[in-house]
>>> print(open('target30.csv').read())   # CSV, C-alpha atoms
chain,number,residue,atom,x,y,z
A,22,MET,CA,9.6,127.6,59.3
A,23,LYS,CA,9.2,125.2,62.2
A,24,ILE,CA,7.5,126.8,65.3
A,25,LYS,CA,8.6,125.7,68.7
A,26,LYS,CA,6.0,125.9,71.5
A,27,ILE,CA,6.4,127.7,74.8
A,28,ASN,CA,8.4,125.6,77.3
A,29,PHE,CA,6.6,126.1,80.7
A,30,THR,CA,9.3,124.4,82.8
A,31,GLU,CA,10.6,127.7,84.2
A,32,ILE,CA,7.1,129.1,84.8
A,33,ASN,CA,6.1,126.0,86.7
A,34,SER,CA,9.3,126.0,88.8
A,35,ILE,CA,8.6,129.6,89.7
A,36,LEU,CA,5.0,129.1,90.6
A,37,ARG,CA,5.9,126.2,93.0
A,38,MET,CA,7.4,128.8,95.2
A,39,PRO,CA,4.5,129.7,97.5
A,40,ALA,CA,5.1,133.4,98.1
A,41,ILE,CA,5.5,134.2,94.4
A,42,PHE,CA,2.6,132.0,93.5
A,43,CYS,CA,0.4,133.9,95.9
A,44,MET,CA,1.6,137.3,94.5
A,45,CYS,CA,0.7,136.1,91.0
A,46,CYS,CA,-2.7,135.0,92.1
A,47,ILE,CA,-3.4,138.3,93.8
A,48,ALA,CA,-2.3,140.3,90.8
A,49,PHE,CA,-4.4,138.3,88.4
A,50,PHE,CA,-7.6,138.4,90.5
A,51,LEU,CA,-7.4,141.9,91.9
A,52,PHE,CA,-6.2,143.5,88.7
A,53,PRO,CA,-8.3,141.7,85.9
A,54,SER,CA,-7.5,144.6,83.6
A,55,CYS,CA,-3.9,143.4,83.4
A,56,THR,CA,-3.0,142.5,79.8
A,57,THR,CA,-0.9,139.5,78.9
A,58,THR,CA,2.0,141.9,78.6
A,59,GLN,CA,1.7,142.9,82.2
A,60,GLN,CA,1.2,139.3,83.3
A,61,ARG,CA,4.3,138.2,81.5
A,62,ALA,CA,6.3,141.2,82.9
A,63,PHE,CA,5.0,140.4,86.5
A,64,ILE,CA,6.1,136.8,86.2
A,65,ARG,CA,9.4,137.2,84.4
A,66,ARG,CA,10.4,140.7,85.7
A,67,ASP,CA,13.7,141.5,84.0
A,68,ALA,CA,14.8,140.0,80.7
A,69,ASN,CA,16.7,136.7,81.2
A,70,VAL,CA,19.3,134.9,79.1
A,71,ARG,CA,17.0,131.8,79.3
A,72,ASP,CA,14.0,133.6,77.9
A,73,TYR,CA,14.5,131.5,74.7
A,74,ALA,CA,12.9,128.7,76.8
A,75,TYR,CA,9.9,130.9,77.8
A,76,PHE,CA,8.9,132.5,74.5
A,77,PRO,CA,7.8,130.4,71.5
A,78,SER,CA,10.4,130.4,68.7
A,79,CYS,CA,11.0,129.8,65.0
A,80,VAL,CA,13.9,127.7,63.8
A,81,ILE,CA,16.4,129.3,61.5
A,82,PRO,CA,18.0,126.5,59.5
A,83,LYS,CA,21.7,126.4,58.9
A,84,GLY,CA,23.2,125.6,55.5
A,85,ASN,CA,24.8,122.4,54.2
A,86,ASP,CA,28.4,123.6,54.5
A,87,VAL,CA,30.1,124.4,57.8
A,88,HIS,CA,32.9,126.9,57.9
A,89,ARG,CA,35.8,125.3,59.8
A,90,PHE,CA,38.0,127.3,62.1
A,91,ILE,CA,41.5,126.2,63.1
A,92,ALA,CA,41.7,125.6,66.9
A,93,ALA,CA,45.1,126.7,68.2
A,94,GLU,CA,45.2,128.0,71.8
A,95,ASN,CA,47.4,131.1,72.1
A,96,LEU,CA,48.5,131.7,75.7
A,97,GLN,CA,50.0,135.1,74.7
A,98,THR,CA,46.5,136.2,73.6
A,99,GLU,CA,45.1,135.1,76.9
A,100,GLU,CA,47.9,136.9,78.9
A,101,ALA,CA,47.4,140.1,76.9
A,102,LEU,CA,43.7,140.1,77.5
A,103,LEU,CA,44.2,139.5,81.3
A,104,LYS,CA,46.6,142.4,81.4
A,105,GLU,CA,44.1,144.7,79.7
A,106,LEU,CA,41.4,143.5,82.1
A,107,GLY,CA,43.7,144.0,85.1
A,108,GLN,CA,43.2,140.3,86.1
A,109,ASP,CA,45.5,137.3,86.6
A,110,ASP,CA,43.2,134.3,86.1
A,111,LEU,CA,40.8,134.2,83.2
A,112,GLN,CA,38.7,131.3,84.3
A,113,LYS,CA,38.1,132.9,87.6
A,114,ILE,CA,37.0,136.2,86.1
A,115,ILE,CA,34.7,134.3,83.6
A,116,ASN,CA,33.0,132.5,86.6
A,117,ARG,CA,32.8,135.7,88.7
A,118,THR,CA,31.3,137.8,85.9
A,119,ARG,CA,28.8,135.0,85.0
A,120,THR,CA,30.3,134.9,81.5
A,121,GLN,CA,28.8,132.1,79.4
A,122,ALA,CA,31.3,132.2,76.6
A,123,LEU,CA,34.4,134.1,75.6
A,124,ILE,CA,36.0,133.5,72.2
A,125,ILE,CA,38.8,135.2,70.4
A,126,ILE,CA,39.4,134.6,66.7
A,127,ARG,CA,42.4,135.9,64.7
A,128,GLY,CA,42.2,135.3,61.0
A,129,ASN,CA,40.7,131.8,60.8
A,130,THR,CA,42.2,130.6,64.1
A,131,ILE,CA,40.3,130.4,67.4
A,132,GLU,CA,43.1,131.5,69.8
A,133,LEU,CA,40.9,131.5,72.9
A,134,GLU,CA,37.6,129.6,73.6
A,135,LYS,CA,36.5,129.4,77.2
A,136,TYR,CA,33.1,128.8,78.8
A,137,GLY,CA,31.5,129.4,82.1
A,138,LYS,CA,30.2,126.8,84.6
A,139,ASN,CA,27.6,124.6,83.0
A,140,TYR,CA,28.3,126.0,79.5
A,141,SER,CA,30.1,124.5,76.4
A,142,ARG,CA,30.4,125.0,72.7
A,143,GLU,CA,27.0,123.4,72.2
A,144,SER,CA,25.2,125.7,74.7
A,145,THR,CA,22.6,128.1,73.5
A,146,VAL,CA,23.2,131.8,74.2
A,147,THR,CA,20.9,134.7,73.3
A,148,SER,CA,21.5,137.9,71.4
A,149,PHE,CA,19.4,140.5,73.1
A,150,SER,CA,20.1,143.7,71.1
A,151,ILE,CA,22.8,142.0,69.0
A,152,ALA,CA,19.7,141.1,66.9
A,153,LYS,CA,19.6,144.7,65.7
A,154,SER,CA,22.9,144.1,63.8
A,155,PHE,CA,21.3,141.2,62.1
A,156,ASN,CA,18.4,143.4,61.2
A,157,SER,CA,20.9,145.8,59.6
A,158,ALA,CA,22.4,143.0,57.6
A,159,MET,CA,19.0,142.0,56.3
A,160,ALA,CA,18.3,145.5,55.2
A,161,GLY,CA,21.4,145.4,53.1
A,162,CYS,CA,20.2,142.1,51.6
A,163,MET,CA,16.8,143.6,50.8
A,164,ILE,CA,18.5,146.4,48.8
A,165,ALA,CA,20.8,144.0,47.0
A,166,GLY,CA,17.8,141.7,46.2
A,167,GLY,CA,15.7,144.6,44.9
A,168,TYR,CA,13.0,144.3,47.5
A,169,ILE,CA,13.5,147.9,48.5
A,170,LYS,CA,15.2,150.8,46.6
A,171,GLY,CA,17.4,152.0,49.3
A,172,ALA,CA,17.9,152.9,53.0
A,173,ASP,CA,16.2,156.3,52.4
A,174,ASP,CA,12.9,154.8,51.4
A,175,PRO,CA,10.1,156.1,53.6
A,176,VAL,CA,8.9,153.3,55.9
A,177,THR,CA,5.4,154.3,54.9
A,178,ASP,CA,6.1,153.0,51.4
A,179,TYR,CA,5.8,149.6,52.9
A,180,VAL,CA,3.7,150.2,56.0
A,181,PRO,CA,1.2,152.8,54.8
A,182,GLU,CA,-1.1,152.4,57.8
A,183,LEU,CA,1.3,154.6,59.8
A,184,ALA,CA,0.7,157.6,57.5
A,185,GLN,CA,-3.0,157.1,57.7
A,186,ARG,CA,-2.8,157.5,61.5
A,187,ASP,CA,-0.2,160.4,61.4
A,188,ALA,CA,1.1,161.9,58.2
A,189,ARG,CA,4.4,162.7,59.9
A,190,PHE,CA,5.4,159.1,59.7
A,191,ARG,CA,6.1,159.7,56.0
A,192,LYS,CA,9.3,161.5,57.0
A,193,ILE,CA,10.8,158.4,58.7
A,194,SER,CA,13.1,156.4,56.4
A,195,ILE,CA,14.4,152.9,56.9
A,196,ARG,CA,17.8,154.5,57.6
A,197,HIS,CA,16.2,156.4,60.5
A,198,LEU,CA,14.9,153.2,62.0
A,199,MET,CA,18.3,151.5,62.0
A,200,ALA,CA,20.1,154.7,63.2
A,201,MET,CA,17.7,155.0,66.2
A,202,SER,CA,16.8,158.5,65.1
A,203,SER,CA,13.2,158.0,64.0
A,204,GLY,CA,11.8,160.7,66.3
A,205,ILE,CA,9.3,158.1,67.7
A,206,MET,CA,8.4,158.6,71.3
A,207,TYR,CA,9.9,156.0,73.7
A,208,GLN,CA,9.7,155.6,77.5
A,209,GLU,CA,12.0,153.0,79.1
A,210,LYS,CA,10.8,152.7,82.8
A,211,GLY,CA,7.7,151.2,84.4
A,212,LEU,CA,5.4,148.2,84.1
A,213,ARG,CA,3.5,149.7,81.2
A,214,ALA,CA,6.6,151.4,79.7
A,215,ASP,CA,7.7,150.9,76.1
A,216,ASP,CA,10.6,148.7,77.2
A,217,THR,CA,8.1,146.4,78.8
A,218,GLU,CA,5.6,146.5,75.9
A,219,THR,CA,8.2,145.9,73.2
A,220,TYR,CA,9.7,142.9,75.1
A,221,TYR,CA,6.5,141.2,76.4
A,222,ASN,CA,3.6,142.3,74.2
A,223,PRO,CA,2.1,139.2,72.5
A,224,ASP,CA,1.2,141.1,69.3
A,225,LEU,CA,4.1,143.2,68.3
A,226,ARG,CA,2.7,144.0,64.9
A,227,ILE,CA,-0.4,145.7,66.3
A,228,LEU,CA,1.7,147.3,69.0
A,229,ALA,CA,4.0,149.0,66.5
A,230,LEU,CA,1.1,150.0,64.2
A,231,THR,CA,-1.1,151.5,66.9
A,232,ASN,CA,1.1,152.5,69.9
A,233,THR,CA,3.8,154.4,68.2
A,234,LYS,CA,3.7,158.2,68.5
A,235,ILE,CA,5.8,161.0,66.9
A,236,GLN,CA,7.8,163.0,69.3
A,237,GLU,CA,9.9,165.0,66.8
A,238,ASP,CA,11.1,165.0,63.2
A,239,PRO,CA,13.5,162.2,62.3
A,240,GLY,CA,17.2,162.6,62.2
A,241,ILE,CA,17.4,165.2,65.0
A,242,HIS,CA,18.3,163.1,68.0
A,243,PHE,CA,19.6,159.6,68.7
A,244,LEU,CA,17.1,157.7,71.0
A,245,TYR,CA,17.5,154.0,71.6
A,246,ASN,CA,14.0,152.8,70.7
A,247,ASN,CA,12.8,149.2,70.3
A,248,TYR,CA,9.8,150.2,68.1
A,249,ASN,CA,12.3,150.9,65.3
A,250,PRO,CA,13.4,147.3,64.8
A,251,ILE,CA,9.8,146.1,65.0
A,252,LEU,CA,8.8,148.4,62.2
A,253,LEU,CA,11.8,147.2,60.2
A,254,GLY,CA,10.5,143.7,60.8
A,255,LEU,CA,7.2,144.6,59.3
A,256,VAL,CA,9.0,145.9,56.2
A,257,ILE,CA,11.0,142.7,55.9
A,258,GLU,CA,8.1,140.3,56.0
A,259,ARG,CA,5.9,142.4,53.7
A,260,VAL,CA,8.4,143.0,50.9
A,261,THR,CA,9.9,139.5,51.0
A,262,ASN,CA,6.5,137.8,51.5
A,263,GLN,CA,8.0,135.5,54.1
A,264,SER,CA,8.8,135.5,57.8
A,265,VAL,CA,11.8,137.4,59.1
A,266,SER,CA,13.3,134.1,60.3
A,267,SER,CA,12.9,132.5,56.9
A,268,TYR,CA,14.5,135.5,55.2
A,269,MET,CA,17.4,135.5,57.7
A,270,SER,CA,18.1,131.9,57.1
A,271,ARG,CA,18.0,132.3,53.3
A,272,THR,CA,20.2,135.3,53.2
A,273,ILE,CA,22.6,135.0,56.1
A,274,TRP,CA,22.4,132.0,58.5
A,275,SER,CA,22.5,129.4,55.8
A,276,LYS,CA,25.6,131.1,54.2
A,277,ILE,CA,27.9,131.8,57.1
A,278,GLY,CA,28.9,128.2,57.7
A,279,ALA,CA,27.0,127.8,61.0
A,280,GLU,CA,27.4,124.6,62.8
A,281,SER,CA,23.9,124.6,64.2
A,282,ASP,CA,20.4,125.9,63.5
A,283,ALA,CA,19.5,129.1,65.3
A,284,THR,CA,16.1,130.1,66.6
A,285,TRP,CA,14.3,133.5,66.9
A,286,SER,CA,12.0,134.1,69.8
A,287,LEU,CA,8.4,135.1,68.8
A,288,ASP,CA,5.9,137.4,70.5
A,289,SER,CA,3.4,134.6,70.8
A,290,ASN,CA,2.2,131.4,69.2
A,291,GLU,CA,-0.9,133.2,67.8
A,292,ASP,CA,0.9,136.2,66.3
A,293,SER,CA,4.2,134.4,65.4
A,294,PHE,CA,6.2,137.6,64.8
A,295,GLU,CA,9.9,137.7,65.6
A,296,LYS,CA,11.0,139.8,68.6
A,297,MET,CA,12.9,142.1,66.4
A,298,GLU,CA,14.7,143.9,69.1
A,299,SER,CA,16.2,140.7,70.6
A,300,GLY,CA,15.7,137.0,70.8
A,301,ILE,CA,18.1,135.4,68.2
A,302,ASN,CA,19.4,132.3,69.9
A,303,ALA,CA,22.4,130.3,68.8
A,304,THR,CA,25.8,129.0,69.9
A,305,ALA,CA,28.5,131.5,70.7
A,306,VAL,CA,30.8,130.2,68.0
A,307,ASP,CA,28.1,130.6,65.4
A,308,PHE,CA,27.5,134.2,66.5
A,309,ALA,CA,31.3,134.6,66.1
A,310,ARG,CA,30.9,133.4,62.5
A,311,PHE,CA,28.5,136.2,61.8
A,312,ALA,CA,31.0,138.7,63.2
A,313,CYS,CA,33.7,137.2,61.0
A,314,LEU,CA,31.4,137.8,58.0
A,315,TYR,CA,31.4,141.5,58.8
A,316,ARG,CA,35.2,141.5,59.5
A,317,ASP,CA,35.8,139.9,56.1
A,318,HIS,CA,33.7,142.5,54.3
A,319,GLY,CA,30.8,140.2,53.7
A,320,ILE,CA,32.7,137.2,52.3
A,321,VAL,CA,32.6,133.6,53.6
A,322,ASP,CA,34.9,131.0,52.0
A,323,GLY,CA,35.2,133.1,48.9
A,324,THR,CA,31.5,133.8,48.5
A,325,GLN,CA,30.0,137.3,48.8
A,326,VAL,CA,27.2,136.9,51.3
A,327,ILE,CA,26.5,140.6,52.1
A,328,ASP,CA,27.5,143.4,49.7
A,329,GLY,CA,30.7,145.0,51.0
A,330,SER,CA,29.4,148.5,50.0
A,331,TRP,CA,26.4,148.0,52.4
A,332,ILE,CA,28.8,147.1,55.2
A,333,ASP,CA,30.8,150.3,54.6
A,334,PHE,CA,27.6,152.3,54.4
A,335,SER,CA,26.1,150.9,57.6
A,336,LEU,CA,29.2,151.8,59.5
A,337,LYS,CA,29.3,155.5,58.5
A,338,LYS,CA,28.7,158.3,61.0
A,339,VAL,CA,25.1,159.4,60.9
A,340,SER,CA,25.4,163.0,62.4
A,341,ASP,CA,28.1,165.4,63.4
A,342,ASP,CA,25.7,167.5,65.4
A,343,PRO,CA,27.0,167.8,69.0
A,344,ASP,CA,23.4,167.7,70.3
A,345,TYR,CA,22.5,164.6,68.4
A,346,TYR,CA,23.2,162.2,71.3
A,347,SER,CA,20.8,163.6,74.0
A,348,ASP,CA,20.0,160.5,76.0
A,349,ALA,CA,22.3,159.0,78.7
A,350,TRP,CA,23.2,155.9,76.6
A,351,GLY,CA,24.1,158.0,73.6
A,352,LYS,CA,26.3,160.3,75.7
A,353,GLN,CA,28.2,157.2,77.0
A,354,ILE,CA,29.0,156.2,73.4
A,355,VAL,CA,30.3,159.6,72.6
A,356,ARG,CA,32.3,159.8,75.8
A,357,HIS,CA,34.2,156.7,74.8
A,358,GLY,CA,35.0,158.1,71.4
A,359,GLY,CA,32.4,156.2,69.4
A,360,TYR,CA,29.1,156.6,67.6
A,361,TYR,CA,26.1,154.5,66.6
A,362,ALA,CA,25.7,153.9,62.9
A,363,LEU,CA,23.1,151.5,61.4
A,364,GLY,CA,22.7,148.8,63.9
A,365,TRP,CA,26.4,148.9,64.9
A,366,TYR,CA,28.5,150.8,67.4
A,367,VAL,CA,31.7,152.2,65.8
A,368,LEU,CA,35.1,153.0,67.4
A,369,PRO,CA,37.2,154.9,64.9
A,370,ARG,CA,41.0,154.4,64.5
A,371,ASP,CA,43.5,156.9,63.1
A,372,GLY,CA,44.9,155.7,59.8
A,373,ALA,CA,43.1,152.3,59.9
A,374,SER,CA,39.7,150.7,59.5
A,375,SER,CA,37.4,151.4,62.4
A,376,ASP,CA,36.6,148.8,65.0
A,377,PHE,CA,32.9,148.2,65.5
A,378,PHE,CA,30.7,146.0,67.7
A,379,ALA,CA,27.2,144.7,68.3
A,380,PHE,CA,26.0,145.0,71.9
A,381,GLY,CA,23.2,143.5,73.9
A,382,ASN,CA,21.7,143.5,77.4
A,383,LYS,CA,23.7,141.6,80.0
A,384,GLY,CA,26.9,142.4,78.2
A,385,GLN,CA,26.5,140.3,75.0
A,386,ILE,CA,29.2,141.6,72.7
A,387,LEU,CA,30.4,140.8,69.1
A,388,TYR,CA,33.6,142.9,68.7
A,389,ILE,CA,35.1,143.2,65.3
A,390,SER,CA,38.5,144.7,64.3
A,391,PRO,CA,39.2,144.4,60.6
A,392,ALA,CA,42.6,146.2,61.0
A,393,ALA,CA,43.7,143.5,63.5
A,394,ASP,CA,41.9,140.7,61.7
A,395,MET,CA,40.2,139.8,64.9
A,396,VAL,CA,36.8,138.9,66.3
A,397,ILE,CA,35.9,138.7,70.0
A,398,ALA,CA,32.6,137.3,71.3
A,399,ARG,CA,31.5,137.6,74.9
A,400,PHE,CA,28.1,136.3,76.2
A,401,GLY,CA,27.0,136.3,79.7
A,402,GLU,CA,24.1,135.8,82.2
A,403,GLN,CA,24.9,139.3,83.5
A,404,TYR,CA,27.3,142.2,82.7
A,405,GLY,CA,29.7,141.2,85.5
A,406,MET,CA,31.5,144.5,85.1
A,407,ASP,CA,31.1,147.8,83.4
A,408,PRO,CA,30.6,146.8,79.7
A,409,TRP,CA,33.0,149.6,78.6
A,410,LYS,CA,35.7,147.8,80.6
A,411,TYR,CA,35.3,144.8,78.2
A,412,LEU,CA,35.2,147.0,75.2
A,413,THR,CA,38.2,149.1,76.2
A,414,ALA,CA,40.2,145.9,76.8
A,415,PHE,CA,39.1,144.5,73.4
A,416,TYR,CA,40.1,147.7,71.7
A,417,ARG,CA,43.5,147.7,73.3
A,418,LEU,CA,44.1,144.0,72.6
A,419,CYS,CA,43.3,144.6,68.9
A,420,THR,CA,45.6,147.6,68.9
A,421,GLN,CA,48.5,145.4,70.1
A,422,GLU,CA,47.7,142.8,67.4
A,423,MET,CA,47.7,145.6,64.8
A,424,HIS,CA,51.2,146.7,65.9
A,425,ALA,CA,52.4,143.1,65.9
A,426,LEU,CA,51.3,142.5,62.3
A,427,PRO,CA,53.9,142.8,59.5
A,428,GLN,CA,53.8,146.2,57.9
A,429,ALA,CA,52.7,144.8,54.6
A,430,ASP,CA,49.6,143.3,56.2
A,431,THR,CA,48.4,146.6,57.7
A,432,LYS,CA,48.3,148.6,54.4
>>> encode(input="target30.csv", output="structure tokens")
Amino acid sequence: MKIKKINFTEINSILRMPAIFCMCCIAFFLFPSCTTTQQRAFIRRDANVRDYAYFPSCVIPKGNDVHRFIAAENLQTEEALLKELGQDDLQKIINRTRTQALIIIRGNTIELEKYGKNYSRESTVTSFSIAKSFNSAMAGCMIAGGYIKGADDPVTDYVPELAQRDARFRKISIRHLMAMSSGIMYQEKGLRADDTETYYNPDLRILALTNTKIQEDPGIHFLYNNYNPILLGLVIERVTNQSVSSYMSRTIWSKIGAESDATWSLDSNEDSFEKMESGINATAVDFARFACLYRDHGIVDGTQVIDGSWIDFSLKKVSDDPDYYSDAWGKQIVRHGGYYALGWYVLPRDGASSDFFAFGNKGQILYISPAADMVIARFGEQYGMDPWKYLTAFYRLCTQEMHALPQADTK
């Protein structure tokens, strides 16, 4: 895999600002115990959609064949979306919400494709936690390829060092990692919090092997936890004997008909480990191709890329325990009628296939409705509005499309 070096353009532009430069100097000289993690966090603060230019990255090559969509703008689709959003001008709301790209695909037709200011079809957008849905896809590919026996394999079968440190890690399965129910302790807030560490630490392998602690037995509670995908990344590279980016290119990206190469941000040039919780960077329309792969039950242009049975399995409900979702984010999912499966959020439908979606920070969304034969992709510099407002609008738009389909097509 080709490694791209850190682009320091953004850092230099920040450090030219006198006040911030002085603050950085004070922090580095008065607090020499600061690790690179804290230095990065101090400079960068919150995650940014242009972090792909800050972190080094690994190129994920596309395949030789491009899957071609039909471009046919549908004003009725745009009008229906505006009605569900309670707006009257789509470009204005795109600009106001700092949306980078909004794409709606029905069947093989792009019915709506709009971009925010300074963005186009060729622009790079980032995944944030949408990466976790790619991780789930790769887990299915590992099972199909015979690299692992199944989702219930203990993670310690492949990362035995964890059990040497704490025997309770033997209870955690690969399924628990993807379902966010591993029982591993996780604290979100603060400069030295796990959110900061898992995003900015320059050696994520060592972090996951030494900093993870057991809070409870797995499978009891949902807790959104970025150590889980990092541990899954360790499994992927160990059993396949290649980088995660290489495996992702070979099993998925080269087979979805992508127009462009993607990249995956790395923790550092020295460690060169993929930021498993985030950091896949590509064009919005290529992300939509991945969503179409899942909508079409793992098939692209007649070729089975991902086992359809794995897709079904990865969308199943994990627990019916009313106390399973104990954190604030989990409770939001339940309040909106959904659940978190294996790297995907699911919104059930009565008498039809469930809708499901991948979701990332700043309101990155890949929304999939097999029953309506639709995919909706939204990427943005910020949320712009309550993300559930987007999701509710997408759900209702797909419901309208389902009702408009001929009866024979909905069986």
>>> atom_distance(input="target30.csv", atom1="CA of Glu280 in chain A", atom2="CA of Asn69 in chain A")
24.5 Å
>>> residues_around(input="target30.csv", residues="Ile397 in chain A", least_positions_apart="6", cutoff="9 Å", atoms="only C-alpha atoms", output="list in words")
Leu123, Ile124, Ile125, Ile126, Arg127, Ala309, Ala312, Ile386, Leu387, Tyr388, Ile389, Ser390 and Phe415 of chain A
>>> atom_distance(input="target30.csv", atom1="CA of Tyr220 in chain A", atom2="CA of Asp288 in chain A")
8.1 Å
>>> atom_distance(input="target30.csv", atom1="CA of Phe155 in chain A", atom2="CA of Ser299 in chain A")
9.9 Å
>>> closest_residue(input="target30.csv", among="A:Glu105, A:Asp224, A:Glu298, A:Asp215", to="Leu198 in chain A", atoms="all atoms listed in the file")
A:Glu298
>>> closest_residue(input="target30.csv", among="A:Asn85, A:Thr304, A:Thr98, A:Thr147", to="Gly401 in chain A", atoms="all atoms listed in the file")
A:Thr147
>>> closest_atom_pairs(input="target30.csv", of="range 282-353 of chain A", to="range 361-381 of chain A", cutoff="6 Å", atoms="only C-alpha atoms", output="Markdown table")
| residue | atom | partner | partner_atom | distance |
| --- | --- | --- | --- | --- |
| A:Ser335 | CA | A:Leu363 | CA | 4.9 |
| A:Leu336 | CA | A:Ala362 | CA | 5.3 |
| A:Lys337 | CA | A:Ala362 | CA | 5.9 |
| A:Lys338 | CA | A:Ala362 | CA | 5.7 |
| A:Val339 | CA | A:Ala362 | CA | 5.9 |
>>> residues_near_point(input="target30.csv", point="(42.8, 128.1, 73.2)", cutoff="10 Å", atoms="all atoms listed in the file", output="PyMOL selection string")
chain A and resi 92-96+98-99+124-126+130-135
>>> residues_around(input="target30.csv", residues="Lys234 in chain A", least_positions_apart="2", cutoff="10 Å", atoms="only C-alpha atoms", output="list in words")
Leu183, Arg186, Asp187, Arg189, Phe190, Gly204, Ile205, Met206, Tyr207, Ala229, Leu230, Thr231, Asn232, Gln236 and Glu237 of chain A
>>> write_last_selection(input="target30.csv", atoms="C-alpha atoms", output="PDB file, in the frame of the given file")
ATOM      1  CA  LEU A 183       1.300 154.600  59.800  1.00  0.00           C
ATOM      2  CA  ARG A 186      -2.800 157.500  61.500  1.00  0.00           C
ATOM      3  CA  ASP A 187      -0.200 160.400  61.400  1.00  0.00           C
ATOM      4  CA  ARG A 189       4.400 162.700  59.900  1.00  0.00           C
ATOM      5  CA  PHE A 190       5.400 159.100  59.700  1.00  0.00           C
ATOM      6  CA  GLY A 204      11.800 160.700  66.300  1.00  0.00           C
ATOM      7  CA  ILE A 205       9.300 158.100  67.700  1.00  0.00           C
ATOM      8  CA  MET A 206       8.400 158.600  71.300  1.00  0.00           C
ATOM      9  CA  TYR A 207       9.900 156.000  73.700  1.00  0.00           C
ATOM     10  CA  ALA A 229       4.000 149.000  66.500  1.00  0.00           C
ATOM     11  CA  LEU A 230       1.100 150.000  64.200  1.00  0.00           C
ATOM     12  CA  THR A 231      -1.100 151.500  66.900  1.00  0.00           C
ATOM     13  CA  ASN A 232       1.100 152.500  69.900  1.00  0.00           C
ATOM     14  CA  GLN A 236       7.800 163.000  69.300  1.00  0.00           C
ATOM     15  CA  GLU A 237       9.900 165.000  66.800  1.00  0.00           C
TER      16      GLU A 237
END
>>> residues_near_point(input="target30.csv", point="(26.0, 157.4, 73.2)", cutoff="12 Å", atoms="all atoms listed in the file", output="ChimeraX atom specification")
/A:200-201,242-245,343-362,365-368,409
>>> residues_around(input="target30.csv", residues="Ala188 in chain A", least_positions_apart="3", cutoff="12 Å", atoms="all atoms listed in the file", output="compact mmCIF listing (two decimals) with C-alpha atoms, keeping the file's coordinate frame")
# COMPACT_ATOMS: atom_id res chain seq x y z
CA PRO A 175 10.10 156.10 53.60
CA VAL A 176 8.90 153.30 55.90
CA THR A 177 5.40 154.30 54.90
CA PRO A 181 1.20 152.80 54.80
CA GLU A 182 -1.10 152.40 57.80
CA LEU A 183 1.30 154.60 59.80
CA ALA A 184 0.70 157.60 57.50
CA GLN A 185 -3.00 157.10 57.70
CA ARG A 191 6.10 159.70 56.00
CA LYS A 192 9.30 161.50 57.00
CA ILE A 193 10.80 158.40 58.70
CA LYS A 234 3.70 158.20 68.50
CA ILE A 235 5.80 161.00 66.90
CA ASP A 238 11.10 165.00 63.20
>>> residues_around(input="target30.csv", residues="Ile273 in chain A", least_positions_apart="2", cutoff="8 Å", atoms="all atoms listed in the file", output="list in words")
Met159, Met269, Ser270, Arg271, Ser275, Lys276, Ile277, Val326 and Ile327 of chain A
>>> closest_residue(input="target30.csv", among="A:Ile115, A:Met423, A:Leu225, A:Ala283", to="Arg399 in chain A", atoms="all atoms listed in the file")
A:Ile115
>>> closest_residue(input="target30.csv", among="A:Tyr315, A:Phe149, A:Phe294, A:Tyr179", to="Asn247 in chain A", atoms="only C-alpha atoms")
A:Phe149
>>> closest_residue(input="target30.csv", among="A:Ile241, A:Ile91, A:Leu106, A:Ala101", to="Met406 in chain A", atoms="only C-alpha atoms")
A:Leu106
>>> closest_residue(input="target30.csv", among="A:Asp394, A:Asp307, A:Glu295, A:Asp322", to="Ala152 in chain A", atoms="all atoms listed in the file")
A:Glu295
